[in-house]
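For reference, the structure discussed in these notes is given below.
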Amino acid sequence: MSVNRCVYLLSRSHIRYRVCASTAAVANNTTLHPTRRTFEKLSSRHSNSNSSSRPLDTSLFVPLTVKSDEGGDGPVGEELTQPLDKSELLKVLNRFYKRKEMQKLAADQGLDARLFHQAFVSFRKYVLEMNSLNADFHIILSDICCGAGHIDDIFPYFMRHVKQIFPMLDCMDDLRKISDLRVPANWYPEARSIQRKIVFHAGPTNSGKTYHAIQRFLAAKSGVYCGPLKLLAHEIYEKSNDAGVPCDLVTGEERIFVDPEGRLSGHIASTIEMCSVTTPYEVAVIDEIQMIKDPARGWAWTRALLGLCAEEIHVCGEAAAVDFVTELMYTTGEEVEVHNYKRLTPFSVSNHAVESLDNLKPGDCIVCFSKNDIYSISRQIEVRGLECAVIYGSLPPGTKLAQAKKFNDPDDPCKILVATDAIGMGLNLSIRRIIFNSLVKPSVNEKGEKELDTISTSQALQIAGRAGRFSSVFKEGEVTTMQRDDLPVLKEILGKPVDPIETAGLHPTAEQIEIFAYHLPQATLSNLIDIFVSLAQVDGLYFVCNIDDFKFLADMIQHIPLNLRTRYVFCTAPINKKQAFVCTSFLKFARQFSRDEPLIYNWVCRHVNWPLVPPKNIKDLVHLEAVHDVLDLYLWLSYRFMDMFPDANLIRDIQKELDGIIQVGVRNITRLIRATEDQRASAENTASIGLAVLDTPPLRRGRGTKNQRKDPRATDSSLSSRLVRDGLLTKELLQQLQREWVREQSQHGDDSNSANKGKKK
């Protein structure tokens, strides 16, 4: 969109910014006009994005191989002149490479120093290894070697070779146009063809903002809800149908149609990535809009906000996103209305840290940022005779809901919750006090780099806001820390304003990559993505999302023969690349698909060793979670390739059964932790015993084994005595180990004596 177009839109009187202040409903409407400063900011961003683009990363250009036996004219050149001296030819080529004039000419043709060097190395190898060059080139080289030609005459032939190994140089202008992402609003003509109304419901957690958006959703003739989690989509699906409004559920792994004959309902609850941008609706709800800045998933919120074809778009999220969404909507010429909400129940920061698990009370939730901390704290709570529920991100949705129900049940003895920040959204929990076990959380930045940093104000508020929710038994919430030193840091974090959102994520579409591949047919998908991102031009309002996971999957299946569109779909599958079993399954799925062999129920059961049994330790539980992810992957692919993944219903049945098995494991998680600790201790003790025996002085013995006796220096302070005293080793087991050790030493001594006698003979 041009700046002149922006000026026209901003000058229109129908574009106004209406702010509505309310605690539970809209109280007053105030019309405000866009300020000069807002327009200057928008114009500045737009002009900056046009005037400067990132330099091209030429390291992504992989030279193609040119066979040395192609393109020659036979011995014609030799017959007209004479055979070329390879050593003299090498000197000529090296002089060509060092000439500044040639480097400058190459730069004018789009070759920087890196590409020029790569191209010359390939060109030199081609010339020296070629059995017969083209006649005209052979004559030119012969004249130069004889002193009759000029070395600059090589340049046209060099550039001809460059275009063969770097075909992208010929279509660079086309590639730049394809990767121009500066006006993503134009990608959605259906949305641009109507005048949409944007309603922003702004407020903290537990303020009723989503409730009011959903009320409008239920009252509309048709609508779509777009949420960040399957749990949230499922919750709206159930609420809508309970309210008598037929609503379908659409997630990456599941489709549920209310109509028995499979006809679409007027209302749909979906995860944000699955919403349709071509289906017309009366009302659309976009939940947690602040995630538009997420380095990995932000593109989905951008797509929904710009592309949903609805008369009203109700956006819910933090107030920190209001200015940015307003600014974004100015570029499309659409009206923005803001409703501000306040928290319905208060929560306060305690003046005292918990410091010890002995000070826990019913309704407490300890928030950790690692599963190991969850295991450790759960074990310590159990030692104190308390029961706790456990929730973390990799648990199946059914298990999370079961643990939440257990914690919320007033008749259940479980009164403590240990969880990760997965409780931040999607679960209704009756929490009295949030306790941060730590304030440091690992994260991934926009460049895909792992960082370990203190949680942000937005993250802290999202988690702390779960305490004292309006619908829970606790009408006031409290937040504190486990460690005394963390409490002032938490107060400082919560006292800061939330950082305003400044950019929205974008992601290359399958169509854009396909056009790219048409120009670069020899490039791998991973390389295509790299070149696309390197060439991409974005407006100052946007950034290109992190694509490391996409590239990881693309590299994993690069050797498998798949067409580009299929390969792209496979690489967009939401899998946890940290789980080796999930990655192996992904690879097997792709390989089976490439052979055109459907992945049937029996094949999947053999692969995951179904039926499975309840876990005996934490390692077993982690594996069951990975198997659940593999079944999720199958279901996700089944909706994209129904013929190749035909048994989705059967897989869903065993996934539900597996969810129940995992629930059993999580209910007994402290027993699993104890079993894991016992196994680890047993392994360490066995190793310690071996070391202790090796360290004991050798036994005195005569010719046989009768004179063997214990070391008199052994005392009650020995390792074996301590192990027996601590109950880690029985006396019978210790005696057996001693007998085996003596037997091995005797056998070793006899073998040594026999060997020595043999040498003497």
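Each chain in the structure tokens gets a letter, A, B, ..., in the order shown, and its residues are numbered from 1; ligands are numbered from 1 in order too.
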Among stretch 494-545 of chain A, which residues does DSSP mark as strand (DSSP E) when it is run on the backbone? Keep the chain and numbering as in the structure and answer as a ChimeraX atom specification.
/A:504-506,537-538,542-544
Within 9 Å of A:Thr524 using only C-alpha atoms, minus same-chain residues under 4 positions, as a ChimeraX atom specification:
/A:517,520,528-529,554-555,558
Based on the selection just made, write all heavy atoms of those residues as a PDB file, in the first residue's frame.
ATOM      1  N   ALA A 517      10.512 -22.364  -6.253  1.00  0.00           N
ATOM      2  CA  ALA A 517      11.081 -23.621  -6.739  1.00  0.00           C
ATOM      3  C   ALA A 517      11.061 -23.694  -8.261  1.00  0.00           C
ATOM      4  O   ALA A 517      11.924 -24.344  -8.870  1.00  0.00           O
ATOM      5  CB  ALA A 517      10.321 -24.795  -6.146  1.00  0.00           C
ATOM      6  N   LEU A 520      14.147 -22.069  -9.152  1.00  0.00           N
ATOM      7  CA  LEU A 520      15.330 -22.765  -8.614  1.00  0.00           C
ATOM      8  C   LEU A 520      15.006 -24.253  -8.459  1.00  0.00           C
ATOM      9  O   LEU A 520      14.893 -24.770  -7.339  1.00  0.00           O
ATOM     10  CB  LEU A 520      15.722 -22.166  -7.263  1.00  0.00           C
ATOM     11  CG  LEU A 520      15.981 -20.656  -7.218  1.00  0.00           C
ATOM     12  CD1 LEU A 520      16.179 -20.190  -5.789  1.00  0.00           C
ATOM     13  CD2 LEU A 520      17.190 -20.303  -8.068  1.00  0.00           C
ATOM     14  N   LEU A 528      15.618 -23.379  -0.269  1.00  0.00           N
ATOM     15  CA  LEU A 528      14.624 -22.443  -0.807  1.00  0.00           C
ATOM     16  C   LEU A 528      14.112 -21.505   0.283  1.00  0.00           C
ATOM     17  O   LEU A 528      13.990 -20.292   0.071  1.00  0.00           O
ATOM     18  CB  LEU A 528      13.446 -23.219  -1.406  1.00  0.00           C
ATOM     19  CG  LEU A 528      13.645 -23.885  -2.765  1.00  0.00           C
ATOM     20  CD1 LEU A 528      12.448 -24.750  -3.099  1.00  0.00           C
ATOM     21  CD2 LEU A 528      13.867 -22.844  -3.850  1.00  0.00           C
ATOM     22  N   ILE A 529      13.819 -22.074   1.458  1.00  0.00           N
ATOM     23  CA  ILE A 529      13.331 -21.264   2.575  1.00  0.00           C
ATOM     24  C   ILE A 529      14.392 -20.257   3.000  1.00  0.00           C
ATOM     25  O   ILE A 529      14.095 -19.073   3.260  1.00  0.00           O
ATOM     26  CB  ILE A 529      12.942 -22.173   3.755  1.00  0.00           C
ATOM     27  CG1 ILE A 529      11.676 -22.965   3.428  1.00  0.00           C
ATOM     28  CG2 ILE A 529      12.728 -21.361   5.015  1.00  0.00           C
ATOM     29  CD1 ILE A 529      10.411 -22.151   3.404  1.00  0.00           C
ATOM     30  N   ALA A 554      12.600 -30.349   7.100  1.00  0.00           N
ATOM     31  CA  ALA A 554      12.928 -30.389   5.668  1.00  0.00           C
ATOM     32  C   ALA A 554      14.250 -31.114   5.433  1.00  0.00           C
ATOM     33  O   ALA A 554      14.370 -31.929   4.508  1.00  0.00           O
ATOM     34  CB  ALA A 554      12.992 -28.966   5.105  1.00  0.00           C
ATOM     35  N   ASP A 555      15.240 -30.839   6.252  1.00  0.00           N
ATOM     36  CA  ASP A 555      16.531 -31.523   6.118  1.00  0.00           C
ATOM     37  C   ASP A 555      16.392 -33.017   6.444  1.00  0.00           C
ATOM     38  O   ASP A 555      17.066 -33.858   5.834  1.00  0.00           O
ATOM     39  CB  ASP A 555      17.567 -30.887   7.044  1.00  0.00           C
ATOM     40  CG  ASP A 555      17.986 -29.502   6.583  1.00  0.00           C
ATOM     41  OD1 ASP A 555      17.897 -29.239   5.368  1.00  0.00           O
ATOM     42  OD2 ASP A 555      18.398 -28.679   7.432  1.00  0.00           O
ATOM     43  N   GLN A 558      14.848 -34.750   3.354  1.00  0.00           N
ATOM     44  CA  GLN A 558      15.310 -34.286   2.052  1.00  0.00           C
ATOM     45  C   GLN A 558      15.620 -35.453   1.115  1.00  0.00           C
ATOM     46  O   GLN A 558      15.400 -35.384  -0.099  1.00  0.00           O
ATOM     47  CB  GLN A 558      16.550 -33.395   2.218  1.00  0.00           C
ATOM     48  CG  GLN A 558      17.115 -32.843   0.914  1.00  0.00           C
ATOM     49  CD  GLN A 558      16.063 -32.117   0.091  1.00  0.00           C
ATOM     50  OE1 GLN A 558      15.285 -31.327   0.618  1.00  0.00           O
ATOM     51  NE2 GLN A 558      16.034 -32.391  -1.197  1.00  0.00           N
TER      52      GLN A 558
END
Where does stretch 197-307 of chain A meet stretch 534-543 of chain A within 10 Å, residue by residue, with the nearest atom pair and distance in Å to one decimal for each, counting only C-alpha atoms, listed by chain and rising number, as CSV?
residue,atom,partner,partner_atom,distance
A:Ile292,CA,A:Tyr542,CA,9.9
A:Lys293,CA,A:Phe543,CA,8.8
A:Pro295,CA,A:Phe543,CA,8.7
A:Gly298,CA,A:Phe543,CA,9.3
A:Trp299,CA,A:Phe543,CA,9.0
A:Thr302,CA,A:Tyr542,CA,9.1
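The residue that comes closest to A:Arg652, out of A:Thr81, A:Glu253, A:Ser394, A:Ala467 and on the basis of only C-alpha atoms, is A:Glu253.
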Could you list, as a list in words, every residue within 10 Å of A:Glu88, counting only C-alpha atoms and ignoring same-chain residues fewer than 2 positions away?
Leu84, Asp85, Lys86, Leu90, Lys91, Val92, Leu93, Ser142, Ile144, Cys145 and Cys146 of chain A
Output the selection as a tab-separated table (two decimals), in the first residue's frame - C-alpha atoms for each residue.
chain	number	residue	atom	x	y	z
A	84	LEU	CA	46.55	-26.69	-24.19
A	85	ASP	CA	49.30	-26.93	-21.59
A	86	LYS	CA	47.47	-27.51	-18.28
A	90	LEU	CA	46.42	-22.77	-14.55
A	91	LYS	CA	48.69	-19.71	-14.45
A	92	VAL	CA	46.44	-17.87	-16.91
A	93	LEU	CA	43.30	-18.62	-14.89
A	142	SER	CA	45.37	-20.91	-26.78
A	144	ILE	CA	46.30	-16.09	-24.37
A	145	CYS	CA	48.80	-18.85	-23.55
A	146	CYS	CA	50.79	-17.91	-26.67
Against stretch 471-476 of chain A, which residues of stretch 263-358 of chain A fall within 6 Å? For each one I want the closest pair of atoms and the distance in Å (one decimal), counting only C-alpha atoms, rows by chain and increasing residue number, as a tab-separated table.
residue	atom	partner	partner_atom	distance
A:Thr345	CA	A:Glu476	CA	5.9
A:Pro346	CA	A:Glu476	CA	5.4
A:Phe347	CA	A:Glu476	CA	5.5
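Distances here use only C-alpha atoms; by that measure, the residue among A:Asn241, A:Asn94, A:Ser348, A:Gln164 closest to A:Gly468 is A:Ser348.
Distances here use only C-alpha atoms; by that measure, the residue among A:Ile423, A:Leu141, A:Glu355, A:Glu273 closest to A:Leu401 is A:Ile423.
Running DSSP on the backbone and keeping only alpha helix (DSSP H), the residues of stretch 127-162 of chain A that qualify are Val127, Leu128, Glu129, Ala135, Asp136, Phe137, His138, Ile139, Ile140, Leu141, Ser142, Asp143, Ile144, Cys145, Phe155, Pro156, Tyr157, Phe158, Met159, Arg160, His161 and Val162 of chain A.
Among the candidates A:Val322, A:Ala202, A:Ala119, A:Leu229, the residue lying nearest to A:Val162 is A:Ala119 (atoms considered: only C-alpha atoms).
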I'd like the neighbourhood of stretch 430-436 of chain A as a list of chain:residue names, where a residue qualifies if any of its atoms comes within 6 Å (using only C-alpha atoms), though same-chain residues fewer than 6 positions away should be ignored.
A:Gly363, A:Asp364, A:Cys365, A:Ile366, A:Val367, A:Asn408, A:Ala467, A:Gly468, A:Ser472, A:Phe474, A:Gly477, A:Glu478, A:Val479, A:Thr480, A:Thr481, A:Met482
Now that the selection is made, can you save its residues with N, CA and C atoms as a PDB file, in the first residue's frame?
ATOM      1  N   GLY A 363      -4.796 -24.924  47.992  1.00  0.00           N
ATOM      2  CA  GLY A 363      -5.017 -23.938  46.940  1.00  0.00           C
ATOM      3  C   GLY A 363      -3.748 -23.346  46.386  1.00  0.00           C
ATOM      4  N   ASP A 364      -2.587 -23.809  46.859  1.00  0.00           N
ATOM      5  CA  ASP A 364      -1.309 -23.293  46.358  1.00  0.00           C
ATOM      6  C   ASP A 364      -0.946 -23.952  45.028  1.00  0.00           C
ATOM      7  N   CYS A 365      -0.340 -23.166  44.154  1.00  0.00           N
ATOM      8  CA  CYS A 365       0.179 -23.668  42.882  1.00  0.00           C
ATOM      9  C   CYS A 365       1.631 -23.236  42.753  1.00  0.00           C
ATOM     10  N   ILE A 366       2.533 -24.209  42.678  1.00  0.00           N
ATOM     11  CA  ILE A 366       3.961 -23.918  42.502  1.00  0.00           C
ATOM     12  C   ILE A 366       4.268 -23.974  41.012  1.00  0.00           C
ATOM     13  N   VAL A 367       4.768 -22.875  40.464  1.00  0.00           N
ATOM     14  CA  VAL A 367       5.049 -22.779  39.033  1.00  0.00           C
ATOM     15  C   VAL A 367       6.543 -22.979  38.791  1.00  0.00           C
ATOM     16  N   ASN A 408      -9.283 -29.158  41.460  1.00  0.00           N
ATOM     17  CA  ASN A 408     -10.444 -28.300  41.739  1.00  0.00           C
ATOM     18  C   ASN A 408     -11.485 -28.968  42.628  1.00  0.00           C
ATOM     19  N   ALA A 467      -4.447 -16.793  39.835  1.00  0.00           N
ATOM     20  CA  ALA A 467      -4.830 -16.881  41.253  1.00  0.00           C
ATOM     21  C   ALA A 467      -6.101 -16.072  41.498  1.00  0.00           C
ATOM     22  N   GLY A 468      -7.033 -16.654  42.243  1.00  0.00           N
ATOM     23  CA  GLY A 468      -8.251 -15.941  42.625  1.00  0.00           C
ATOM     24  C   GLY A 468      -9.134 -15.577  41.464  1.00  0.00           C
ATOM     25  N   SER A 472     -13.762 -19.173  40.642  1.00  0.00           N
ATOM     26  CA  SER A 472     -13.216 -20.135  41.599  1.00  0.00           C
ATOM     27  C   SER A 472     -13.738 -19.857  43.007  1.00  0.00           C
ATOM     28  N   PHE A 474     -11.884 -19.119  45.463  1.00  0.00           N
ATOM     29  CA  PHE A 474     -11.048 -18.082  46.077  1.00  0.00           C
ATOM     30  C   PHE A 474     -11.317 -16.754  45.374  1.00  0.00           C
ATOM     31  N   GLY A 477      -6.774 -13.352  44.966  1.00  0.00           N
ATOM     32  CA  GLY A 477      -5.581 -14.107  44.628  1.00  0.00           C
ATOM     33  C   GLY A 477      -4.334 -13.519  45.269  1.00  0.00           C
ATOM     34  N   GLU A 478      -3.320 -14.361  45.388  1.00  0.00           N
ATOM     35  CA  GLU A 478      -2.051 -13.928  45.967  1.00  0.00           C
ATOM     36  C   GLU A 478      -0.927 -14.520  45.139  1.00  0.00           C
ATOM     37  N   VAL A 479       0.169 -13.805  45.036  1.00  0.00           N
ATOM     38  CA  VAL A 479       1.327 -14.293  44.291  1.00  0.00           C
ATOM     39  C   VAL A 479       2.584 -14.040  45.109  1.00  0.00           C
ATOM     40  N   THR A 480       3.493 -14.998  45.098  1.00  0.00           N
ATOM     41  CA  THR A 480       4.748 -14.871  45.835  1.00  0.00           C
ATOM     42  C   THR A 480       5.794 -15.761  45.178  1.00  0.00           C
ATOM     43  N   THR A 481       6.929 -15.909  45.836  1.00  0.00           N
ATOM     44  CA  THR A 481       8.015 -16.742  45.315  1.00  0.00           C
ATOM     45  C   THR A 481       8.400 -17.788  46.356  1.00  0.00           C
ATOM     46  N   MET A 482       9.119 -18.799  45.905  1.00  0.00           N
ATOM     47  CA  MET A 482       9.622 -19.807  46.828  1.00  0.00           C
ATOM     48  C   MET A 482      10.859 -19.290  47.554  1.00  0.00           C
TER      49      MET A 482
END
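Note that the spacing between atom CA of A:Ala243 and atom CA of A:Gln290 amounts to 28.4 Å.
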Please list as an NGL selection string every residue within 12 Å of A:Glu235, counting only C-alpha atoms and excluding residues in the same chain fewer than 5 positions away.
:A and (214 or 225-227 or 229-230 or 240-242 or 247-249 or 268-271 or 397 or 401 or 425-428)
